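Comments concern the structure below.
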Amino acid sequence: MAIETSRGLMVACLRASGRQVFAINPMAVARYRDRHSVSRKKSDHQDAVVLANILRTDAELHRPLPGDTELVKALDALARAQQDAVWDRTRAHNRLRSHLREYYPAVLEAFADKREKLLAREARAILAIAPTQAKAAKLARSKLKAAVKQAGRQRRIEAETDRLLEVFRRTWLRQPACECART
């Protein structure tokens with residue numbers, strides 16, 4: 001069997017059925033496709049024919065996927081899970097940053113020059129005590145100082161507290177407050 005990928009459920013099923021699977025690089029398939037057609041049009045049927053011809057004519061130039069031990073399969077599953085977790089974290093971070101840009105730009109400004117930005121412990125501590133722009137603007141100096149200390153800062157606590165207060169108390173554009181009738 002020839003296929004353009006070396007991973008996924010389809011490949012696992014083909015390998016589990018005892019078939020010999022050749023993973024052909026998609027760029028190589030494109031070059032073979034150019035040999036059989038000048039239109040550069042891509043279709044599943046045409047790709048199936050091209051993959052079959054690759055194995056029929058040039059099988060000795062391609063290697064079948066090696067058999068994996070259970071340990072390698074487990075390691076592959078763990079690596080995939082770790083990659084998925086990184087992608088999920090990145091997606092969540094990007095979504096949070098997007099929402100903060102709309103509703104709470106002061107916190108983005110406050111941590112823009114930090115290496116970790118919103119992932120900094122101080123940013124998380126401040127978001128916990130002041131989850132909105134209005135609450136951040138009304139933060140007492142002592143409460144902000146305590147949050148900065150609790151986040152692990154050991155030096156320049158006073159200066160950082162003053163800097164954060166100055167950022168939070170600036171005039172920021174924001175979404176209008178809801179004027180819904182409460183019953």
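Naming works like this for the structure tokens: A, B, ... for the chains as they're shown, residue 1 at the start of each chain, ligands 1 onward in shown order.
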
Give me, as JSON, numbers by chain, all polymer residues having an atom no more than 8 Å from range 54-70 of chain A, counting only C-alpha atoms and skipping those fewer than 4 positions away in the same chain.
{"A": [2, 6, 20, 21, 22, 23, 24, 32, 50, 74]}

Shell of 10 Å around Ala110 in chain A, only C-alpha atoms, local chain residues under 4 positions omitted, as a PyMOL selection string
chain A and resi 105-106+114+117-118+123+160+163-168

Can you list every residue in range 5-172 of chain A that DSSP puts in alpha helix (DSSP H), as a PyMOL selection string?
chain A and resi 9-16+26-36+44-58+70-103+105-110+121-129+133-137+141-150+157-168

Of the candidates A:His93, A:Gly152, A:Gln83, A:Ala140, which shows the shortest atom-to-atom distance to Arg169 in chain A, using only C-alpha atoms?
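Answer, going by the shortest atom-to-atom distance: A:Ala140.
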
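Taking only C-alpha atoms into account, Leu9 in chain A lies nearest to A:Ala77 out of the set A:His45, A:Ala77, A:Ala92, A:Ser98.
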
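Straight-line separation from CA of Ala28 in chain A to CA of Arg7 in chain A: 17.4 Å.
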
Among the residues A:Val29, A:Met1, A:Leu51, A:Ala134, the one that comes closest to Tyr103 in chain A [using only C-alpha atoms]
A:Ala134

Long-range neighbours of Asn25 in chain A as a list of chain:residue names, 9 Å cut-off, only C-alpha atoms, 4 positions minimum in chain:
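Non-adjacent residues within range: A:Ile3, A:Glu4, A:Thr5, A:Val29, A:Ala30.
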
One decimal, in Å: what's the spacing between CA of Ala48 in chain A and CA of Pro26 in chain A?
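Straight-line distance from CA of Ala48 in chain A to CA of Pro26 in chain A works out to 12.3 Å.
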
Using only C-alpha atoms, what table do you get, as CSV, when you list each residue of range 80-127 of chain A with an atom no more than 12 Å from range 147-150 of chain A, its nearest pair of atoms, and their distance in Å rounded to one decimal, rows by chain then rising number?
```
residue,atom,partner,partner_atom,distance
A:Ala120,CA,A:Val148,CA,10.9
A:Arg121,CA,A:Val148,CA,8.6
A:Glu122,CA,A:Val148,CA,5.8
A:Ala123,CA,A:Val148,CA,8.8
A:Arg124,CA,A:Ala147,CA,9.5
A:Ala125,CA,A:Ala147,CA,5.9
A:Ile126,CA,A:Ala147,CA,6.5
A:Leu127,CA,A:Ala147,CA,9.9
```
